[in-house]
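File shown: protein.cif. Contents: mmCIF, C-alpha atoms.
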data_run
#
loop_
_atom_site.label_atom_id
_atom_site.label_comp_id
_atom_site.auth_asym_id
_atom_site.auth_seq_id
_atom_site.Cartn_x
_atom_site.Cartn_y
_atom_site.Cartn_z
CA MET A 12 37.54 53.56 24.78
CA PHE A 13 35.84 50.68 22.95
CA ALA A 14 33.01 48.29 23.76
CA ARG A 15 32.60 44.70 22.64
CA VAL A 16 28.89 43.84 22.75
CA VAL A 17 27.90 40.18 22.58
CA THR A 18 24.22 39.33 22.11
CA PHE A 19 22.77 36.03 23.30
CA ALA A 20 19.20 35.16 22.29
CA GLY A 21 16.79 32.31 21.78
CA GLY A 22 17.01 30.79 25.23
CA ASP A 23 14.30 29.64 27.59
CA PRO A 24 13.01 32.66 29.58
CA THR A 25 12.42 30.42 32.60
CA ARG A 26 16.14 29.51 32.66
CA VAL A 27 17.74 32.97 32.44
CA ASP A 28 18.93 32.68 36.04
CA GLU A 29 21.05 29.67 35.04
CA VAL A 30 22.85 31.77 32.43
CA ILE A 31 23.35 34.59 34.95
CA ALA A 32 24.74 32.10 37.51
CA SER A 33 27.10 30.67 34.89
CA ILE A 34 28.52 34.12 34.17
CA ARG A 35 28.73 35.01 37.89
CA ASP A 36 30.67 31.80 38.52
CA ARG A 37 33.32 32.99 36.07
CA PHE A 38 33.94 35.96 38.38
CA LYS A 39 34.42 34.04 41.63
CA GLY A 40 37.80 34.97 42.98
CA ASP A 41 39.84 36.81 40.38
CA ALA A 42 38.38 38.06 37.12
CA PRO A 43 38.54 35.52 34.28
CA GLU A 44 41.86 35.47 32.42
CA ALA A 45 39.93 36.30 29.24
CA LEU A 46 39.23 39.75 30.73
CA ALA A 47 42.89 40.57 31.42
CA GLU A 48 42.85 43.33 28.78
CA ALA A 49 39.42 44.71 29.78
CA GLU A 50 38.56 47.72 31.91
CA SER A 51 35.12 46.44 32.94
CA PHE A 52 32.26 44.09 32.10
CA LEU A 53 28.49 44.58 32.24
CA MET A 54 25.67 42.11 31.68
CA LEU A 55 22.25 43.40 30.60
CA VAL A 56 19.27 41.05 30.73
CA ASP A 57 15.75 41.18 29.32
CA ARG A 58 14.25 38.25 31.25
CA ALA A 59 10.95 38.18 29.37
CA ARG A 60 12.70 37.62 26.03
CA ALA A 61 15.75 35.74 27.37
CA HIS A 62 17.83 38.35 25.56
CA ILE A 63 21.25 39.01 27.11
CA LEU A 64 23.98 41.51 26.27
CA GLY A 65 27.53 41.10 27.53
CA ILE A 66 29.42 44.39 27.29
CA THR A 67 33.17 44.46 27.79
CA LEU A 68 35.02 47.79 27.80
CA PHE A 69 38.58 48.23 26.59
CA GLU A 70 40.92 51.22 26.85
CA ASP A 71 42.16 51.11 23.24
CA ARG A 72 42.04 49.17 19.96
CA ASP A 73 45.07 47.02 20.78
CA LYS A 74 43.56 45.83 24.06
CA LEU A 75 40.25 45.24 22.28
CA ARG A 76 41.98 43.12 19.63
CA ARG A 77 43.84 41.03 22.22
CA GLY A 78 40.72 40.77 24.38
CA ASN A 79 38.61 39.61 21.44
CA LYS A 80 40.99 36.73 20.79
CA MET A 81 40.73 35.57 24.39
CA LEU A 82 36.97 36.13 24.76
CA ASP A 83 36.19 34.31 21.51
CA LYS A 84 37.60 31.14 23.09
CA LEU A 85 35.16 31.16 26.03
CA PRO A 86 32.40 28.53 25.92
CA GLU A 87 28.74 29.53 25.72
CA PRO A 88 27.30 30.17 29.20
CA ALA A 89 24.83 27.46 30.34
CA PRO A 90 24.19 25.93 26.90
CA GLU A 91 21.62 23.57 28.44
CA ALA A 92 19.41 26.64 29.08
CA GLY A 93 19.18 27.21 25.35
CA GLY A 94 20.05 30.32 23.48
CA ARG A 95 23.21 31.09 21.63
CA ARG A 96 25.58 33.87 20.72
CA VAL A 97 23.89 35.65 17.81
CA SER A 98 26.21 38.61 17.32
CA ILE A 99 29.44 40.24 18.40
CA ASP A 100 29.70 43.95 17.68
CA THR A 101 32.32 46.57 18.44
CA TYR A 102 31.62 50.21 19.21
CA GLU A 103 33.82 53.20 19.87
CA ILE A 104 32.82 55.13 23.00
CA PRO A 105 33.39 58.81 22.17
CA VAL A 106 31.43 60.10 25.19
CA SER A 107 31.15 58.59 28.66
CA TRP A 108 29.85 59.91 31.96
CA GLN A 109 29.88 58.50 35.48
CA LYS A 110 28.56 60.06 38.64
CA SER A 111 31.52 61.03 40.80
CA THR A 112 31.86 59.38 44.17
CA GLY A 113 32.73 61.98 46.66
#
Would you write the structure of this file as structure tokens?
Amino acid sequence: MFARVVTFAGGDPTRVDEVIASIRDRFKGDAPEALAEAESFLMLVDRARAHILGITLFEDRDKLRRGNKMLDKLPEPAPEAGGRRVSIDTYEIPVSWQKSTG
């Protein structure tokens, strides 16, 4: 399993909700086509600093590579709220745990 972690920073802390709404809008109905290769997506937000992480999980390197190509084409979310993509990092996930539902 692999994670693509995109960091957005430098925005206006009073406008973080606009960025969140922009990302939520991308998920109305079906998942965005750019996530076709992904297993899941998480968004982490530090409102005080207007620091946002977008974490997309992929099953293997090939899906990560194809997913990167599609995700790199997406526009910045709510550019009028300030902030910009400051980094894109990739991590291997050698250990993962989830509470079982049952």
Please enumerate the residues selected by the PyMOL selection byres ((chain A and resi 33-49) around 8) when evaluated against the supplied file, formatted as a tab-separated table (two decimals) with C-alpha atoms, in the coordinates of the input.
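Done, and the output landed in result-v5.tsv:
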chain	number	residue	atom	x	y	z
A	29	GLU	CA	21.05	29.67	35.04
A	30	VAL	CA	22.85	31.77	32.43
A	31	ILE	CA	23.35	34.59	34.95
A	32	ALA	CA	24.74	32.10	37.51
A	50	GLU	CA	38.56	47.72	31.91
A	51	SER	CA	35.12	46.44	32.94
A	52	PHE	CA	32.26	44.09	32.10
A	67	THR	CA	33.17	44.46	27.79
A	68	LEU	CA	35.02	47.79	27.80
A	69	PHE	CA	38.58	48.23	26.59
A	70	GLU	CA	40.92	51.22	26.85
A	74	LYS	CA	43.56	45.83	24.06
A	75	LEU	CA	40.25	45.24	22.28
A	77	ARG	CA	43.84	41.03	22.22
A	78	GLY	CA	40.72	40.77	24.38
A	81	MET	CA	40.73	35.57	24.39
A	82	LEU	CA	36.97	36.13	24.76
A	85	LEU	CA	35.16	31.16	26.03
A	88	PRO	CA	27.30	30.17	29.20
A	89	ALA	CA	24.83	27.46	30.34
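Take CA of Asp100 (chain A) and CA of Leu53 (chain A): the distance between them is 14.6 Å.
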>> Taking all atoms listed in the file into account, name the residue in A:Ala92, A:Met54, A:Val106, A:Ala59 that is nearest to Val17 (chain A).
In response: A:Met54
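Among the candidate residues A:Ala20, A:Ile104, A:Val97, A:Met12, the one lying nearest to Ala61 (chain A) is A:Ala20, with distances computed using all atoms listed in the file.
Each of A:Leu64, A:Ser111, A:Asp57, A:Val27 was checked against Ser98 (chain A) using only C-alpha atoms; the smallest atom-to-atom distance is that of A:Leu64.
Closest approach to Glu103 (chain A) among A:Thr25, A:Phe13, A:Arg76, A:Thr18: A:Phe13, based on all atoms listed in the file.
For the atom pair formed by CA of Pro86 (chain A) and CA of Arg60 (chain A), the distance is 21.7 Å, given to one decimal.
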>> So the first atom is CA of Leu55 (chain A) and the second is CA of Arg15 (chain A); what is the distance between them in Å, to one decimal place?
In response: 13.1 Å
Axis-aligned box for region 14-31 of chain A, 4 Å per side, centre and edges in Å as AutoDock Vina command-line options:
--center_x 22.7 --center_y 38.9 --center_z 28.9 --size_x 28.6 --size_y 26.8 --size_z 22.3
